[in-house]
Amino acid sequence: MTDQSQRTLATAASQGRPPLTKPARRDFFGRLTPALVKHRPLVLKLVSAAVVFGAWEIAGRIPVSYAFPTFIESMAALWSMTVDGSLFVAYGETLKPLVVGILISTFIGVAVGMWIGLAKWADWLFSPIFIVMQAAPLAALIPLLVMIYGIGLTSKVFVVCIMAMPVIVLNTAGAVRNTPSSFIEMGQSFLASRAEVIGKIILPAASPVIFSGLRLGVSAGFIGAILAELKITPTGVGDIISYSRSVADYASMYAAIFSIIVLAVVFLNLLERIELTLFEGNARGYASD
Amino acid sequence: MAMPQTKPAPVATTDIAVSARSVSKTYGETEALRDMTIEFPRGQLTSLLGPSGCGKTTLLKIIAGLLEPNSGTIEVNGKPVTGPGEDRAFVFQDFALLPWASVMRNVAFGLELRGVAKSEREAIAAKYIADVGLKGFEKSFPHELSGGMRQRVGLARALSVNADVLLMDEPFSAVDEQTRRKFQEDLLSLVQNENKTFIFVTHSIEEAVYVSDQIALLLPRPSRVSEIIRPSGLRMKDVDNIRRDPEYLDTVDRIWALLRSYVE
């Protein structure tokens with residue numbers, strides 16, 4: 001605990017890290033490109049996207065099926081839908097049940113999950129509901145939902161919630177239950193109130209798993225929203241998909257599917273950003289590892 | 001079988017900071033502590049030493065107010081313990097650092113929970129971070145530190161709340177041997193310079209003899225204090241000479257002779 005030991009540690013840390021400017025890779029023509037090294041994750045993403053789209057293009061040109069358009073045709077269809085505004089109108093419809101459903105699933109899901117994780121009797125009371133919900137074949141339940149709630153927004157929100165909520169609840173409950181007991185004892189020994197133990201220790205400790213549940217929940221919610229539009233009433237993006245198919249405009253159909261995948265990916269990245277801003281240290285591993 | 005009677009060593013010259021009176025604790029069928037009575041003199045370091053399963057950590061957690069005894073009382077500064085209190089701070093075996101919080105926030109966490117304003121608690125925390133030799137690491141996260149540095153953070157957190165009694169649960173068992181030796185030396189100067197009472201759980205005989213003013217030897221099933229050993233001559237010695245002092249070596253041997261039959 002002297003200055004000297006601290007200095008030794010500090011120099012060791014600075015020497016242990018390889019210098020960032022060292023050019024380690026050569027580009028396609030054998031030239032050294034520090035920029036390529038620096039942006040390697042981005043470059044890799046672009047390369048893998050190019051491979052997938054290239055394969056799509058080739059498969060469309062063979063063609064593997066009459067109903068399988070090329071990548072370029074699909075993108076052209078996407079562009080024309082974007083330009084004439086029909087895509088935005090469609091998303092205006094689709095996003096309504098999706099956003100409402102995901103917001104409900106997130107807030108109620110995390111709250112119920114916390115409750116299940118903290119109180120044993122809540123576990124007995126609620127867990128079976130969500131386990132059954134997770135196992136239930138949703139498509140078979142849709143006629144029942146339509147019978148009860150009609151063909152409007154309510155039914156669609158329900159479909160999104162049924163898809164999204166169980167995984168959020170169960171992940172949250174598991175994460176809360178698995179909070180290291182020494183964290184809780186630490187809080188108690190330093191005089192934390194029950195609310196402080198929950199808010200300052202359990203919730204942040206559980207957040208990585210809660211957020212991975214949210215990511216799974218959101219992707220399931222996207223599936224739910226599209227499923228609702230295909231199975232209940234064709235509106236929004238689901239309408240584009242089923243209408244284009246019925247008139248054999250496969251390029252538009254694939255364009256719509258492609259756009260929903262892109263939107264889901266953007267949404268998930270956004271969620272990751274939120275997580276990183278909220279709990280900076282969590283992203284870098286655990287002290288007790 | 002006659003129960004060995006507990007005989008706390010008479011401590012006439014110093015007053016008692018913490019005392020446990022006939023404390024018993026059972027977990028279901030298992031009897032962890034039976035009728036344990038022990039006193040901890042103020043300003044000194046008392047080790048709780050014994051084989052695993054002897055209830056030393058249980059006793060420490062009861063003193064901390066984290067566990068409730070089935071019977072018996074704990075008094076800290078003459079006041080009975082009903083739960084965790086401002087007069088005690090805990091150092092954990094696995095450090096119990098919050099991985100999402102910086103070193104600064106971790107050290108200041110005890111003060112944060114006591115409602116100390118941010119600027120004030122960070123000033124106090126900065127002092128203790130420097131004291132334990134981590135100046136410059138305030139913004140680091142726990143996973144960026146070595147095991148030894150993490151436990152320094154845990155120690156700084158316990159020191160920053162300025163409690164009278166420091167409860168340490170095998171604090172050096174998760175760090176490497178060299179770091180542990182350095183910690184033991186630092187602990188000796190800490191005991192000398194801070195007027196605090198230290199209660200130190202360990203399973204290492206050498207460590208206990210090296211750092212303690214008083215060693216409470218606990219024997220298992222059910223746990224009881226079998227002997228209080230006070231290595232009186234060692235505290236006057238220079239830290240470099242303790243390990244070759246005859247009293248040190250004799251005490252280590254004597255404790256091992258007492259414990260040998262209890263180790264499976």
# chains A, B, ... in the order shown; residues from 1 in each chain; ligands from 1
call {"tool": "interface_residues", "arguments": {"of": "chain B", "to": "chain A", "cutoff": "6 Å", "atoms": "only C-alpha atoms", "output": "list in words"}}
result
Pro84, Ala96, Pro99, Trp100, Gly110, Leu113, Val132, Gly133, Pro142 and His143 of chain B
call {"tool": "residues_around", "arguments": {"residues": "B:Glu68", "least_positions_apart": "4", "cutoff": "9 Å", "atoms": "only C-alpha atoms", "output": "ChimeraX atom specification"}}
result
/B:25,61-63,82-83
call {"tool": "residues_around", "arguments": {"residues": "A:Ala256", "least_positions_apart": "3", "cutoff": "8 Å", "atoms": "only C-alpha atoms", "output": "MDAnalysis selection string"}}
result
chainID A and resid 78 237 240:241 252:253 259:260
call {"tool": "select_by_dssp", "arguments": {"residues": "stretch 47-195 of chain B", "states": "alpha helix (DSSP H)", "output": "MDAnalysis selection string"}}
result
chainID B and resid 56:64 103:113 118:131 147:160 177:193
call {"tool": "write_last_selection", "arguments": {"atoms": "C-alpha atoms", "output": "PDB file, in the first residue's frame"}}
result
ATOM      1  CA  LYS B  56     -16.200 -18.893  12.388  1.00  0.00           C
ATOM      2  CA  THR B  57     -17.883 -17.168   9.465  1.00  0.00           C
ATOM      3  CA  THR B  58     -21.285 -17.750  11.078  1.00  0.00           C
ATOM      4  CA  LEU B  59     -20.099 -15.989  14.236  1.00  0.00           C
ATOM      5  CA  LEU B  60     -18.688 -13.114  12.185  1.00  0.00           C
ATOM      6  CA  LYS B  61     -21.976 -12.690  10.311  1.00  0.00           C
ATOM      7  CA  ILE B  62     -23.904 -12.762  13.576  1.00  0.00           C
ATOM      8  CA  ILE B  63     -21.647  -9.996  14.919  1.00  0.00           C
ATOM      9  CA  ALA B  64     -22.206  -8.095  11.659  1.00  0.00           C
ATOM     10  CA  VAL B 103     -13.464   1.985  -7.967  1.00  0.00           C
ATOM     11  CA  MET B 104     -14.544   5.424  -6.770  1.00  0.00           C
ATOM     12  CA  ARG B 105     -18.228   4.485  -6.562  1.00  0.00           C
ATOM     13  CA  ASN B 106     -17.446   1.134  -4.960  1.00  0.00           C
ATOM     14  CA  VAL B 107     -15.333   2.730  -2.230  1.00  0.00           C
ATOM     15  CA  ALA B 108     -17.905   5.464  -1.681  1.00  0.00           C
ATOM     16  CA  PHE B 109     -20.815   2.993  -1.749  1.00  0.00           C
ATOM     17  CA  GLY B 110     -21.033   2.625   2.032  1.00  0.00           C
ATOM     18  CA  LEU B 111     -21.192   6.401   2.382  1.00  0.00           C
ATOM     19  CA  GLU B 112     -23.688   6.626  -0.491  1.00  0.00           C
ATOM     20  CA  LEU B 113     -25.999   4.276   1.428  1.00  0.00           C
ATOM     21  CA  LYS B 118     -21.695  13.060  -3.531  1.00  0.00           C
ATOM     22  CA  SER B 119     -18.840  15.584  -3.379  1.00  0.00           C
ATOM     23  CA  GLU B 120     -18.224  14.876   0.282  1.00  0.00           C
ATOM     24  CA  ARG B 121     -18.238  11.091  -0.020  1.00  0.00           C
ATOM     25  CA  GLU B 122     -15.967  11.174  -3.079  1.00  0.00           C
ATOM     26  CA  ALA B 123     -13.467  13.319  -1.192  1.00  0.00           C
ATOM     27  CA  ILE B 124     -13.433  10.798   1.661  1.00  0.00           C
ATOM     28  CA  ALA B 125     -13.245   7.857  -0.755  1.00  0.00           C
ATOM     29  CA  ALA B 126     -10.363   9.485  -2.677  1.00  0.00           C
ATOM     30  CA  LYS B 127      -8.375   9.688   0.566  1.00  0.00           C
ATOM     31  CA  TYR B 128      -8.849   6.011   1.341  1.00  0.00           C
ATOM     32  CA  ILE B 129      -8.200   4.954  -2.271  1.00  0.00           C
ATOM     33  CA  ALA B 130      -4.847   6.734  -1.966  1.00  0.00           C
ATOM     34  CA  ASP B 131      -4.257   5.180   1.473  1.00  0.00           C
ATOM     35  CA  GLY B 147      -7.336  -9.867  -7.128  1.00  0.00           C
ATOM     36  CA  GLY B 148      -5.126  -8.076  -4.631  1.00  0.00           C
ATOM     37  CA  MET B 149      -6.148  -4.661  -5.922  1.00  0.00           C
ATOM     38  CA  ARG B 150      -9.821  -5.648  -5.716  1.00  0.00           C
ATOM     39  CA  GLN B 151      -9.455  -6.532  -2.072  1.00  0.00           C
ATOM     40  CA  ARG B 152      -7.747  -3.159  -1.496  1.00  0.00           C
ATOM     41  CA  VAL B 153     -10.918  -1.608  -2.895  1.00  0.00           C
ATOM     42  CA  GLY B 154     -12.970  -3.726  -0.471  1.00  0.00           C
ATOM     43  CA  LEU B 155     -10.746  -2.600   2.383  1.00  0.00           C
ATOM     44  CA  ALA B 156     -10.967   1.059   1.367  1.00  0.00           C
ATOM     45  CA  ARG B 157     -14.774   0.765   1.279  1.00  0.00           C
ATOM     46  CA  ALA B 158     -14.808  -0.654   4.810  1.00  0.00           C
ATOM     47  CA  LEU B 159     -12.383   1.993   6.095  1.00  0.00           C
ATOM     48  CA  SER B 160     -14.223   4.906   4.494  1.00  0.00           C
ATOM     49  CA  GLU B 177       0.734 -15.740  -1.738  1.00  0.00           C
ATOM     50  CA  GLN B 178       3.005 -12.729  -2.279  1.00  0.00           C
ATOM     51  CA  THR B 179       0.112 -10.297  -2.235  1.00  0.00           C
ATOM     52  CA  ARG B 180      -1.157 -11.979   0.910  1.00  0.00           C
ATOM     53  CA  ARG B 181       2.160 -11.418   2.707  1.00  0.00           C
ATOM     54  CA  LYS B 182       2.088  -7.753   1.734  1.00  0.00           C
ATOM     55  CA  PHE B 183      -1.502  -7.514   2.967  1.00  0.00           C
ATOM     56  CA  GLN B 184      -0.546  -9.069   6.289  1.00  0.00           C
ATOM     57  CA  GLU B 185       2.222  -6.520   6.804  1.00  0.00           C
ATOM     58  CA  ASP B 186      -0.113  -3.686   5.832  1.00  0.00           C
ATOM     59  CA  LEU B 187      -2.749  -5.033   8.204  1.00  0.00           C
ATOM     60  CA  LEU B 188      -0.291  -4.886  11.115  1.00  0.00           C
ATOM     61  CA  SER B 189       0.410  -1.218  10.504  1.00  0.00           C
ATOM     62  CA  LEU B 190      -3.313  -0.591  10.052  1.00  0.00           C
ATOM     63  CA  VAL B 191      -4.047  -2.099  13.464  1.00  0.00           C
ATOM     64  CA  GLN B 192      -1.284  -0.002  14.987  1.00  0.00           C
ATOM     65  CA  ASN B 193      -2.267   3.294  13.361  1.00  0.00           C
TER      66      ASN B 193
END
call {"tool": "residues_around", "arguments": {"residues": "stretch 27-39 of chain B", "least_positions_apart": "5", "cutoff": "7 Å", "atoms": "only C-alpha atoms", "output": "compact mmCIF listing (two decimals) with N, CA and C atoms, in the first residue's frame"}}
result
# COMPACT_ATOMS: atom_id res chain seq x y z
N THR B 6 -16.05 -22.79 28.24
CA THR B 6 -15.44 -21.67 27.55
C THR B 6 -14.78 -20.75 28.57
N PRO B 8 -12.98 -17.25 28.43
CA PRO B 8 -12.40 -16.09 27.77
C PRO B 8 -11.19 -15.61 28.59
N ILE B 16 -13.49 -3.80 26.47
CA ILE B 16 -14.03 -4.73 25.49
C ILE B 16 -14.88 -3.97 24.48
N VAL B 18 -16.31 -5.57 21.57
CA VAL B 18 -17.38 -6.47 21.12
C VAL B 18 -17.40 -7.68 22.04
N SER B 19 -18.58 -8.08 22.44
CA SER B 19 -18.64 -9.32 23.21
C SER B 19 -19.81 -10.17 22.72
N ALA B 20 -19.59 -11.47 22.70
CA ALA B 20 -20.64 -12.42 22.36
C ALA B 20 -20.94 -13.22 23.62
N ARG B 21 -22.22 -13.30 23.99
CA ARG B 21 -22.58 -14.04 25.21
C ARG B 21 -23.50 -15.19 24.88
N SER B 22 -23.06 -16.37 25.19
CA SER B 22 -23.77 -17.63 24.96
C SER B 22 -24.59 -17.63 23.67
N GLY B 55 -17.79 -22.80 12.22
CA GLY B 55 -18.72 -21.73 12.50
C GLY B 55 -18.09 -20.36 12.66
N PRO B 222 -20.38 -29.25 17.99
CA PRO B 222 -20.77 -27.89 17.63
C PRO B 222 -19.63 -26.94 17.95
N SER B 223 -19.68 -25.81 17.33
CA SER B 223 -18.55 -24.91 17.45
C SER B 223 -18.44 -24.32 18.85
N ARG B 224 -17.23 -24.28 19.37
CA ARG B 224 -16.99 -23.67 20.67
C ARG B 224 -15.58 -23.10 20.70
N VAL B 225 -15.34 -22.18 21.60
CA VAL B 225 -14.01 -21.63 21.75
C VAL B 225 -13.21 -22.61 22.59
call {"tool": "atom_distance", "arguments": {"atom1": "atom CA of A:Ser127", "atom2": "atom CA of A:Val169"}}
result
8.5 Å
call {"tool": "closest_residue", "arguments": {"among": "B:Pro171, B:Ser226, B:Val161, B:Gly53", "to": "B:Val116", "atoms": "only C-alpha atoms"}}
result
B:Val161
call {"tool": "residues_around", "arguments": {"residues": "B:Asp169", "least_positions_apart": "6", "cutoff": "8 Å", "atoms": "only C-alpha atoms", "output": "ChimeraX atom specification"}}
result
/B:57,60,90-93,200-202
call {"tool": "write_last_selection", "arguments": {"atoms": "C-alpha atoms", "output": "CSV table (one decimal), in the first residue's frame"}}
result
chain,number,residue,atom,x,y,z
B,57,THR,CA,-17.9,-17.2,9.5
B,60,LEU,CA,-18.7,-13.1,12.2
B,90,PHE,CA,-17.4,-5.8,6.7
B,91,VAL,CA,-14.6,-7.0,4.3
B,92,PHE,CA,-15.7,-9.9,2.2
B,93,GLN,CA,-13.8,-13.0,1.1
B,200,PHE,CA,-10.4,-11.5,11.5
B,201,VAL,CA,-11.6,-14.9,10.2
B,202,THR,CA,-8.9,-17.1,8.8
call {"tool": "atom_distance", "arguments": {"atom1": "atom CA of A:Asn171", "atom2": "atom CA of A:Ile226"}}
result
23.8 Å
call {"tool": "decode", "arguments": {"residues": "stretch 200-254 of chain B", "atoms": "C-alpha atoms", "output": "tab-separated table (two decimals), in the first residue's frame"}}
result
chain	number	residue	atom	x	y	z
B	200	PHE	CA	-10.44	-11.52	11.45
B	201	VAL	CA	-11.60	-14.91	10.23
B	202	THR	CA	-8.91	-17.14	8.78
B	203	HIS	CA	-8.11	-20.79	8.28
B	204	SER	CA	-4.38	-20.19	8.06
B	205	ILE	CA	-2.52	-20.85	11.30
B	206	GLU	CA	0.55	-18.88	10.17
B	207	GLU	CA	-1.56	-15.92	9.13
B	208	ALA	CA	-3.42	-15.89	12.44
B	209	VAL	CA	-0.23	-16.00	14.51
B	210	TYR	CA	1.41	-13.37	12.33
B	211	VAL	CA	-1.31	-10.71	12.49
B	212	SER	CA	-3.19	-11.33	15.76
B	213	ASP	CA	-3.09	-9.82	19.21
B	214	GLN	CA	-5.42	-12.59	20.27
B	215	ILE	CA	-6.34	-15.86	18.59
B	216	ALA	CA	-9.61	-17.58	19.39
B	217	LEU	CA	-9.24	-21.22	18.50
B	218	LEU	CA	-12.61	-22.64	17.47
B	219	LEU	CA	-13.37	-26.33	17.32
B	220	PRO	CA	-16.23	-27.77	15.27
B	221	ARG	CA	-19.42	-29.76	15.80
B	222	PRO	CA	-20.77	-27.89	17.63
B	223	SER	CA	-18.55	-24.91	17.45
B	224	ARG	CA	-16.99	-23.67	20.67
B	225	VAL	CA	-14.01	-21.63	21.75
B	226	SER	CA	-11.43	-24.16	22.80
B	227	GLU	CA	-8.65	-21.79	23.69
B	228	ILE	CA	-7.62	-18.13	23.57
B	229	ILE	CA	-3.99	-17.63	22.62
B	230	ARG	CA	-2.25	-14.28	23.00
B	231	PRO	CA	1.13	-14.18	21.24
B	232	SER	CA	2.22	-11.32	23.50
B	233	GLY	CA	5.85	-10.93	22.46
B	234	LEU	CA	5.31	-10.66	18.74
B	235	ARG	CA	3.69	-7.24	18.48
B	236	MET	CA	6.87	-5.52	19.64
B	237	LYS	CA	8.91	-7.18	16.91
B	238	ASP	CA	9.76	-5.72	13.54
B	239	VAL	CA	7.54	-7.20	10.77
B	240	ASP	CA	10.56	-8.75	9.08
B	241	ASN	CA	11.55	-10.73	12.18
B	242	ILE	CA	8.21	-12.16	13.28
B	243	ARG	CA	8.37	-15.27	11.13
B	244	ARG	CA	11.67	-16.46	12.61
B	245	ASP	CA	10.80	-15.59	16.18
B	246	PRO	CA	10.75	-18.66	18.48
B	247	GLU	CA	7.41	-17.57	19.95
B	248	TYR	CA	5.90	-17.41	16.46
B	249	LEU	CA	7.14	-20.88	15.57
B	250	ASP	CA	6.11	-22.38	18.93
B	251	THR	CA	2.64	-20.88	18.71
B	252	VAL	CA	2.12	-22.20	15.18
B	253	ASP	CA	3.21	-25.67	16.32
B	254	ARG	CA	1.01	-25.60	19.38
